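Structure file final36.pdb (PDB, C-alpha atoms) is printed below.
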ATOM      1  CA  MET A  92     -20.349  31.056   7.107  1.00  0.00           C
ATOM      2  CA  ASN A  93     -21.130  29.178   3.897  1.00  0.00           C
ATOM      3  CA  TYR A  94     -19.873  25.622   3.585  1.00  0.00           C
ATOM      4  CA  ARG A  95     -20.265  22.795   1.092  1.00  0.00           C
ATOM      5  CA  ASN A  96     -19.391  19.132   0.548  1.00  0.00           C
ATOM      6  CA  PRO A  97     -19.126  18.071   4.188  1.00  0.00           C
ATOM      7  CA  ALA A  98     -17.863  14.520   4.695  1.00  0.00           C
ATOM      8  CA  TYR A  99     -16.517  12.634   7.672  1.00  0.00           C
ATOM      9  CA  ASN A 100     -12.870  11.609   7.387  1.00  0.00           C
ATOM     10  CA  ALA A 101     -10.977   8.652   8.866  1.00  0.00           C
ATOM     11  CA  LEU A 102     -10.442  10.537  12.135  1.00  0.00           C
ATOM     12  CA  GLY A 103     -14.141  11.283  12.656  1.00  0.00           C
ATOM     13  CA  THR A 104     -13.706  14.980  11.989  1.00  0.00           C
ATOM     14  CA  ILE A 105     -15.387  16.680   9.040  1.00  0.00           C
ATOM     15  CA  ASP A 106     -13.703  17.763   5.834  1.00  0.00           C
ATOM     16  CA  CYS A 107     -15.524  20.425   3.816  1.00  0.00           C
ATOM     17  CA  GLU A 108     -15.036  23.656   1.941  1.00  0.00           C
ATOM     18  CA  VAL A 109     -15.808  27.087   3.351  1.00  0.00           C
ATOM     19  CA  GLU A 110     -16.321  30.278   1.405  1.00  0.00           C
ATOM     20  CA  HIS A 111     -13.551  32.712   2.219  1.00  0.00           C
ATOM     21  CA  PRO A 112     -14.265  36.386   1.385  1.00  0.00           C
ATOM     22  CA  GLU A 113     -10.963  36.856  -0.447  1.00  0.00           C
ATOM     23  CA  HIS A 114      -9.876  33.390  -1.559  1.00  0.00           C
ATOM     24  CA  GLY A 115     -13.179  31.785  -2.501  1.00  0.00           C
ATOM     25  CA  TRP A 116     -13.844  28.165  -1.581  1.00  0.00           C
ATOM     26  CA  ILE A 117     -11.056  26.640   0.492  1.00  0.00           C
ATOM     27  CA  PRO A 118     -10.763  23.181   2.082  1.00  0.00           C
ATOM     28  CA  ILE A 119     -10.884  22.880   5.850  1.00  0.00           C
ATOM     29  CA  THR A 120     -11.127  20.176   8.470  1.00  0.00           C
ATOM     30  CA  LEU A 121     -13.572  20.826  11.281  1.00  0.00           C
ATOM     31  CA  SER A 122     -13.139  19.337  14.736  1.00  0.00           C
ATOM     32  CA  PRO A 123     -15.157  19.647  17.931  1.00  0.00           C
ATOM     33  CA  ASP A 124     -11.829  19.766  19.804  1.00  0.00           C
ATOM     34  CA  ASP A 125     -10.367  22.639  17.761  1.00  0.00           C
ATOM     35  CA  PRO A 126     -11.620  25.978  19.140  1.00  0.00           C
ATOM     36  CA  PRO A 127     -11.428  27.886  15.812  1.00  0.00           C
ATOM     37  CA  THR A 128     -13.571  25.261  14.019  1.00  0.00           C
ATOM     38  CA  ALA A 129     -15.673  23.803  16.871  1.00  0.00           C
ATOM     39  CA  ASP A 130     -18.719  26.051  16.316  1.00  0.00           C
ATOM     40  CA  LEU A 131     -18.827  25.363  12.585  1.00  0.00           C
ATOM     41  CA  TYR A 132     -18.320  21.657  13.287  1.00  0.00           C
ATOM     42  CA  ALA A 133     -21.396  21.716  15.533  1.00  0.00           C
ATOM     43  CA  THR A 134     -23.429  23.483  12.839  1.00  0.00           C
ATOM     44  CA  VAL A 135     -22.306  21.219  10.004  1.00  0.00           C
ATOM     45  CA  ASN A 136     -22.696  18.090  12.141  1.00  0.00           C
ATOM     46  CA  THR A 137     -26.423  18.796  12.608  1.00  0.00           C
ATOM     47  CA  GLY A 138     -26.961  18.658   8.836  1.00  0.00           C
ATOM     48  CA  THR A 139     -26.267  16.028   6.230  1.00  0.00           C
ATOM     49  CA  VAL A 140     -22.662  14.895   6.301  1.00  0.00           C
ATOM     50  CA  ALA A 141     -21.432  12.245   3.878  1.00  0.00           C
ATOM     51  CA  PRO A 142     -20.088   9.124   5.579  1.00  0.00           C
ATOM     52  CA  TYR A 143     -16.406   8.307   5.536  1.00  0.00           C
ATOM     53  CA  GLU A 144     -15.404   6.155   2.592  1.00  0.00           C
ATOM     54  CA  ALA A 145     -12.079   4.409   2.897  1.00  0.00           C
ATOM     55  CA  PRO A 146      -9.959   4.746  -0.223  1.00  0.00           C
ATOM     56  CA  THR A 147      -9.964   1.656  -2.359  1.00  0.00           C
ATOM     57  CA  VAL A 148      -6.673   0.185  -3.427  1.00  0.00           C
ATOM     58  CA  SER A 149      -6.576  -2.182  -6.362  1.00  0.00           C
ATOM     59  CA  ILE A 150      -4.811  -5.510  -6.079  1.00  0.00           C
ATOM     60  CA  GLU A 151      -2.268  -4.212  -8.580  1.00  0.00           C
ATOM     61  CA  GLN A 152      -1.530  -1.229  -6.325  1.00  0.00           C
ATOM     62  CA  GLN A 153      -1.224  -3.532  -3.321  1.00  0.00           C
ATOM     63  CA  ARG A 154       1.219  -5.742  -5.209  1.00  0.00           C
ATOM     64  CA  GLU A 155       3.289  -2.707  -6.260  1.00  0.00           C
ATOM     65  CA  GLY A 156       3.770  -1.947  -2.570  1.00  0.00           C
ATOM     66  CA  MET A 157       4.814  -5.462  -1.545  1.00  0.00           C
ATOM     67  CA  VAL A 158       8.515  -5.417  -0.701  1.00  0.00           C
ATOM     68  CA  VAL A 159      10.471  -7.779   1.533  1.00  0.00           C
ATOM     69  CA  SER A 160      14.101  -8.030   2.500  1.00  0.00           C
ATOM     70  CA  ARG A 161      16.354 -10.671   1.026  1.00  0.00           C
ATOM     71  CA  PHE A 162      16.351 -12.497   4.365  1.00  0.00           C
ATOM     72  CA  GLN A 163      12.549 -12.412   4.593  1.00  0.00           C
ATOM     73  CA  ALA A 164      12.178 -13.748   1.046  1.00  0.00           C
ATOM     74  CA  LYS A 165      14.570 -16.633   1.633  1.00  0.00           C
ATOM     75  CA  ALA A 166      13.109 -17.458   5.035  1.00  0.00           C
ATOM     76  CA  ALA A 167       9.552 -17.526   3.635  1.00  0.00           C
ATOM     77  CA  LEU A 168      10.653 -19.747   0.758  1.00  0.00           C
ATOM     78  CA  SER A 169      12.404 -22.042   3.237  1.00  0.00           C
ATOM     79  CA  ASN A 170       9.340 -22.182   5.497  1.00  0.00           C
ATOM     80  CA  ALA A 171       7.197 -23.061   2.465  1.00  0.00           C
ATOM     81  CA  GLY A 172       9.627 -25.778   1.320  1.00  0.00           C
ATOM     82  CA  MET A 173      10.470 -23.880  -1.889  1.00  0.00           C
ATOM     83  CA  LEU A 174      13.944 -22.510  -1.213  1.00  0.00           C
ATOM     84  CA  ALA A 175      15.767 -25.481  -2.775  1.00  0.00           C
ATOM     85  CA  THR A 176      13.709 -25.145  -5.974  1.00  0.00           C
ATOM     86  CA  VAL A 177      14.545 -21.444  -6.329  1.00  0.00           C
ATOM     87  CA  GLN A 178      18.187 -22.049  -5.433  1.00  0.00           C
ATOM     88  CA  ALA A 179      18.395 -24.731  -8.157  1.00  0.00           C
ATOM     89  CA  MET A 180      16.932 -22.245 -10.638  1.00  0.00           C
ATOM     90  CA  MET A 181      19.524 -19.653  -9.648  1.00  0.00           C
ATOM     91  CA  ASP A 182      22.360 -22.201  -9.860  1.00  0.00           C
ATOM     92  CA  ASP A 183      21.315 -23.155 -13.409  1.00  0.00           C
ATOM     93  CA  PRO A 184      23.611 -21.427 -15.946  1.00  0.00           C
ATOM     94  CA  SER A 185      20.675 -21.076 -18.364  1.00  0.00           C
ATOM     95  CA  THR A 186      18.909 -18.723 -15.924  1.00  0.00           C
ATOM     96  CA  PRO A 187      19.431 -15.142 -17.147  1.00  0.00           C
ATOM     97  CA  GLU A 188      22.377 -13.532 -15.424  1.00  0.00           C
ATOM     98  CA  VAL A 189      20.344 -10.559 -14.202  1.00  0.00           C
ATOM     99  CA  TYR A 190      18.062 -12.918 -12.223  1.00  0.00           C
ATOM    100  CA  ARG A 191      21.057 -14.706 -10.722  1.00  0.00           C
ATOM    101  CA  LEU A 192      22.631 -11.368  -9.800  1.00  0.00           C
ATOM    102  CA  ALA A 193      19.401 -10.204  -8.190  1.00  0.00           C
ATOM    103  CA  TRP A 194      19.126 -13.429  -6.176  1.00  0.00           C
ATOM    104  CA  GLN A 195      22.732 -13.070  -5.054  1.00  0.00           C
ATOM    105  CA  ASP A 196      22.965  -9.322  -4.425  1.00  0.00           C
ATOM    106  CA  ALA A 197      19.546  -7.690  -4.064  1.00  0.00           C
ATOM    107  CA  THR A 198      18.794  -6.301  -0.606  1.00  0.00           C
ATOM    108  CA  GLU A 199      15.045  -6.441  -1.200  1.00  0.00           C
ATOM    109  CA  PHE A 200      12.562  -8.187  -3.448  1.00  0.00           C
ATOM    110  CA  ARG A 201       9.502  -6.527  -4.957  1.00  0.00           C
ATOM    111  CA  ARG A 202       6.384  -8.549  -5.709  1.00  0.00           C
ATOM    112  CA  THR A 203       6.164  -7.158  -9.256  1.00  0.00           C
ATOM    113  CA  SER A 204       9.824  -7.493 -10.232  1.00  0.00           C
ATOM    114  CA  PRO A 205      10.882  -9.495 -13.297  1.00  0.00           C
ATOM    115  CA  THR A 206      13.025 -11.727 -11.076  1.00  0.00           C
ATOM    116  CA  LEU A 207       9.983 -12.671  -8.989  1.00  0.00           C
ATOM    117  CA  THR A 208       7.970 -13.307 -12.123  1.00  0.00           C
ATOM    118  CA  ALA A 209      10.690 -15.689 -13.327  1.00  0.00           C
ATOM    119  CA  MET A 210      10.887 -17.405  -9.927  1.00  0.00           C
ATOM    120  CA  ASN A 211       7.146 -17.840  -9.873  1.00  0.00           C
ATOM    121  CA  ALA A 212       7.204 -19.439 -13.328  1.00  0.00           C
ATOM    122  CA  VAL A 213       9.363 -22.181 -11.797  1.00  0.00           C
ATOM    123  CA  LEU A 214       7.347 -22.423  -8.573  1.00  0.00           C
ATOM    124  CA  GLY A 215       3.989 -22.460 -10.370  1.00  0.00           C
ATOM    125  CA  LEU A 216       2.136 -20.444  -7.735  1.00  0.00           C
ATOM    126  CA  THR A 217      -1.083 -18.601  -8.437  1.00  0.00           C
ATOM    127  CA  ASP A 218      -1.019 -14.830  -8.019  1.00  0.00           C
ATOM    128  CA  GLU A 219      -2.896 -15.226  -4.739  1.00  0.00           C
ATOM    129  CA  GLN A 220      -0.433 -17.845  -3.462  1.00  0.00           C
ATOM    130  CA  LEU A 221       2.480 -15.557  -4.309  1.00  0.00           C
ATOM    131  CA  ASP A 222       0.704 -12.702  -2.505  1.00  0.00           C
ATOM    132  CA  ASP A 223       0.305 -14.955   0.538  1.00  0.00           C
ATOM    133  CA  LEU A 224       3.993 -15.868   0.397  1.00  0.00           C
ATOM    134  CA  PHE A 225       4.882 -12.161   0.413  1.00  0.00           C
ATOM    135  CA  VAL A 226       2.578 -11.495   3.356  1.00  0.00           C
ATOM    136  CA  ALA A 227       4.193 -14.385   5.221  1.00  0.00           C
ATOM    137  CA  ALA A 228       7.658 -13.079   4.355  1.00  0.00           C
ATOM    138  CA  ALA A 229       6.827  -9.582   5.578  1.00  0.00           C
ATOM    139  CA  SER A 230       5.909 -11.002   8.995  1.00  0.00           C
ATOM    140  CA  ILE A 231       9.306 -12.672   9.495  1.00  0.00           C
ATOM    141  CA  THR A 232      11.857 -10.908  11.665  1.00  0.00           C
ATOM    142  CA  ALA A 233      15.469 -11.902  12.235  1.00  0.00           C
TER     143      ALA A 233
END
For the file at hand, write its structure as structure tokens.
Amino acid sequence: MNYRNPAYNALGTIDCEVEHPEHGWIPITLSPDDPPTADLYATVNTGTVAPYEAPTVSIEQQREGMVVSRFQAKAALSNAGMLATVQAMMDDPSTPEVYRLAWQDATEFRRTSPTLTAMNAVLGLTDEQLDDLFVAAASITA
């Protein structure tokens, strides 16, 4: 059987393409523990197989995925000695109403939200410090 582009995946099995007589090149995962693919796995594994490369995630993508509950956010701010500063910001009538509503009613806070950007302007944290605060918040359980 013809195959091409073999590469190990995160599970240690081999992803490649095989030439199907009717459908052309199709993707397949080969495993020594899967009887239908074990023989081809053994054949492919004796040749050159590209190493597994973990997908890279940009810091922007990581930040997009950072979400904590309202409780976690407030607890992390309290633990860091910043809760009173944020509460004062939210009690200030000059703070945009949408930020005050979010602080009061949101069930979760996203790292990239406009409310967090406004909070951080008051706190004066670097991006990395804000990331660390989110990581700390995510580890808090009630």
Quiz prompt | Picked residues, the PyMOL selection byres ((chain A and resi 125-140) around 12), expected as a PyMOL selection string | solution = chain A and resi 92-100+103-109+119-124+141-144
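Excluding Ala229 in chain A and any residue on its chain fewer than 4 positions from it, the residues at most 10 Å away by all atoms listed in the file are Met157, Val158, Val159, Ser160, Gln163, Ala164, Ala167, Asp223, Leu224 and Phe225 of chain A.
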Those residues you just picked out, can you put them in a file as a tab-separated table (two decimals), in the frame of the given file with C-alpha atoms?
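selection_15.tsv written:
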chain	number	residue	atom	x	y	z
A	157	MET	CA	4.81	-5.46	-1.54
A	158	VAL	CA	8.52	-5.42	-0.70
A	159	VAL	CA	10.47	-7.78	1.53
A	160	SER	CA	14.10	-8.03	2.50
A	163	GLN	CA	12.55	-12.41	4.59
A	164	ALA	CA	12.18	-13.75	1.05
A	167	ALA	CA	9.55	-17.53	3.64
A	223	ASP	CA	0.30	-14.96	0.54
A	224	LEU	CA	3.99	-15.87	0.40
A	225	PHE	CA	4.88	-12.16	0.41
Quiz item: What is the CA of Ala101 in chain A-CA of Val148 in chain A distance in Å, reported with one decimal?
Solution: 15.5 Å
Practice problem: Evaluate the PyMOL selection byres ((chain A and resi 154) around 10) here and jot the selected residues down as a PyMOL selection string. | Solution: chain A and resi 149-153+155-158+201-203+218+221-222+225
Taking the file above as input, evaluate the PyMOL selection byres ((chain A and resi 195) around 12) and report the hits as a compact mmCIF listing (two decimals) with C-alpha atoms, in the coordinates of the input.
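The result, stored in out.txt:
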# COMPACT_ATOMS: atom_id res chain seq x y z
CA ARG A 161 16.35 -10.67 1.03
CA PHE A 162 16.35 -12.50 4.36
CA LYS A 165 14.57 -16.63 1.63
CA VAL A 177 14.54 -21.44 -6.33
CA GLN A 178 18.19 -22.05 -5.43
CA MET A 181 19.52 -19.65 -9.65
CA ASP A 182 22.36 -22.20 -9.86
CA GLU A 188 22.38 -13.53 -15.42
CA VAL A 189 20.34 -10.56 -14.20
CA TYR A 190 18.06 -12.92 -12.22
CA ARG A 191 21.06 -14.71 -10.72
CA LEU A 192 22.63 -11.37 -9.80
CA ALA A 193 19.40 -10.20 -8.19
CA TRP A 194 19.13 -13.43 -6.18
CA ASP A 196 22.96 -9.32 -4.42
CA ALA A 197 19.55 -7.69 -4.06
CA THR A 198 18.79 -6.30 -0.61
CA GLU A 199 15.04 -6.44 -1.20
CA PHE A 200 12.56 -8.19 -3.45
CA THR A 206 13.02 -11.73 -11.08
Exercise. Kindly give the distance, in Å, that separates CA of Ile231 in chain A and CA of Thr147 in chain A, rounded to a single decimal.
Key: 26.8 Å
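Going from CA of Leu174 in chain A to CA of Val226 in chain A covers 16.5 Å.
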With 4 Å of padding per side, what axis-aligned box (centre and edge lengths, Å, one decimal) covers all the listed atoms of range 111-118 of chain A? Give it as lines of an AutoDock Vina configuration file.
center_x = -12.1
center_y = 30.0
center_z = -0.1
size_x = 12.4
size_y = 21.7
size_z = 12.7
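Using only C-alpha atoms, the smallest distance between any of A:Leu102, A:Leu214, A:Leu207, A:Ala233 and Met173 in chain A comes from A:Leu214.
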Would you fill out range 187-198 of chain A with all heavy atoms and return it as a compact mmCIF listing (two decimals), keeping the file's coordinate frame?
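Output file part.txt follows:
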# COMPACT_ATOMS: atom_id res chain seq x y z
N PRO A 187 18.81 -16.43 -16.78
CA PRO A 187 19.43 -15.14 -17.15
C PRO A 187 20.28 -14.57 -16.01
O PRO A 187 19.91 -14.64 -14.83
CB PRO A 187 18.23 -14.25 -17.46
CG PRO A 187 17.17 -15.22 -17.91
CD PRO A 187 17.37 -16.44 -17.06
N GLU A 188 21.42 -14.04 -16.40
CA GLU A 188 22.38 -13.53 -15.42
C GLU A 188 21.77 -12.47 -14.50
O GLU A 188 22.07 -12.44 -13.31
CB GLU A 188 23.61 -12.97 -16.13
CG GLU A 188 24.68 -12.53 -15.16
CD GLU A 188 25.96 -12.07 -15.84
OE1 GLU A 188 25.92 -11.75 -17.04
OE2 GLU A 188 26.98 -12.02 -15.15
N VAL A 189 20.92 -11.62 -15.03
CA VAL A 189 20.34 -10.56 -14.20
C VAL A 189 19.51 -11.14 -13.06
O VAL A 189 19.51 -10.61 -11.95
CB VAL A 189 19.53 -9.54 -15.05
CG1 VAL A 189 18.25 -10.16 -15.58
CG2 VAL A 189 19.25 -8.28 -14.26
N TYR A 190 18.83 -12.28 -13.29
CA TYR A 190 18.06 -12.92 -12.22
C TYR A 190 19.01 -13.51 -11.18
O TYR A 190 18.76 -13.41 -9.98
CB TYR A 190 17.15 -14.01 -12.77
CG TYR A 190 16.11 -13.53 -13.75
CD1 TYR A 190 15.55 -14.42 -14.67
CD2 TYR A 190 15.67 -12.21 -13.79
CE1 TYR A 190 14.59 -14.00 -15.58
CE2 TYR A 190 14.72 -11.78 -14.69
CZ TYR A 190 14.18 -12.68 -15.59
OH TYR A 190 13.23 -12.27 -16.49
N ARG A 191 20.09 -14.12 -11.65
CA ARG A 191 21.06 -14.71 -10.72
C ARG A 191 21.74 -13.62 -9.90
O ARG A 191 21.96 -13.79 -8.69
CB ARG A 191 22.07 -15.56 -11.48
CG ARG A 191 21.42 -16.84 -12.03
CD ARG A 191 22.39 -17.79 -12.72
NE ARG A 191 22.72 -17.27 -14.05
CZ ARG A 191 23.94 -17.12 -14.52
NH1 ARG A 191 24.98 -17.46 -13.79
NH2 ARG A 191 24.14 -16.66 -15.73
N LEU A 192 22.04 -12.49 -10.53
CA LEU A 192 22.63 -11.37 -9.80
C LEU A 192 21.66 -10.82 -8.76
O LEU A 192 22.06 -10.51 -7.63
CB LEU A 192 23.05 -10.26 -10.76
CG LEU A 192 24.28 -10.53 -11.62
CD1 LEU A 192 24.45 -9.44 -12.67
CD2 LEU A 192 25.52 -10.63 -10.73
N ALA A 193 20.41 -10.69 -9.15
CA ALA A 193 19.40 -10.20 -8.19
C ALA A 193 19.29 -11.15 -7.00
O ALA A 193 19.26 -10.70 -5.84
CB ALA A 193 18.05 -10.06 -8.88
N TRP A 194 19.23 -12.44 -7.25
CA TRP A 194 19.13 -13.43 -6.18
C TRP A 194 20.33 -13.34 -5.25
O TRP A 194 20.21 -13.43 -4.03
CB TRP A 194 19.01 -14.82 -6.78
CG TRP A 194 18.89 -15.92 -5.77
CD1 TRP A 194 19.82 -16.88 -5.49
CD2 TRP A 194 17.78 -16.18 -4.92
NE1 TRP A 194 19.35 -17.71 -4.52
CE2 TRP A 194 18.09 -17.32 -4.14
CE3 TRP A 194 16.54 -15.57 -4.72
CZ2 TRP A 194 17.22 -17.85 -3.19
CZ3 TRP A 194 15.68 -16.10 -3.79
CH2 TRP A 194 16.01 -17.22 -3.03
N GLN A 195 21.50 -13.11 -5.82
CA GLN A 195 22.73 -13.07 -5.05
C GLN A 195 22.94 -11.75 -4.32
O GLN A 195 23.42 -11.74 -3.19
CB GLN A 195 23.90 -13.31 -6.01
CG GLN A 195 25.24 -13.42 -5.37
CD GLN A 195 26.31 -13.72 -6.42
OE1 GLN A 195 26.03 -14.09 -7.56
NE2 GLN A 195 27.56 -13.58 -6.03
N ASP A 196 22.55 -10.62 -4.95
CA ASP A 196 22.96 -9.32 -4.42
C ASP A 196 21.85 -8.37 -4.00
O ASP A 196 22.13 -7.38 -3.33
CB ASP A 196 23.82 -8.59 -5.47
CG ASP A 196 25.11 -9.34 -5.77
OD1 ASP A 196 25.65 -10.00 -4.87
OD2 ASP A 196 25.58 -9.25 -6.92
N ALA A 197 20.62 -8.63 -4.40
CA ALA A 197 19.55 -7.69 -4.06
C ALA A 197 19.35 -7.63 -2.55
O ALA A 197 19.45 -8.65 -1.86
CB ALA A 197 18.24 -8.10 -4.74
N THR A 198 19.07 -6.45 -2.04
CA THR A 198 18.79 -6.30 -0.61
C THR A 198 17.31 -6.44 -0.31
O THR A 198 16.93 -6.65 0.83
CB THR A 198 19.29 -4.94 -0.08
OG1 THR A 198 18.65 -3.90 -0.82
CG2 THR A 198 20.80 -4.84 -0.22
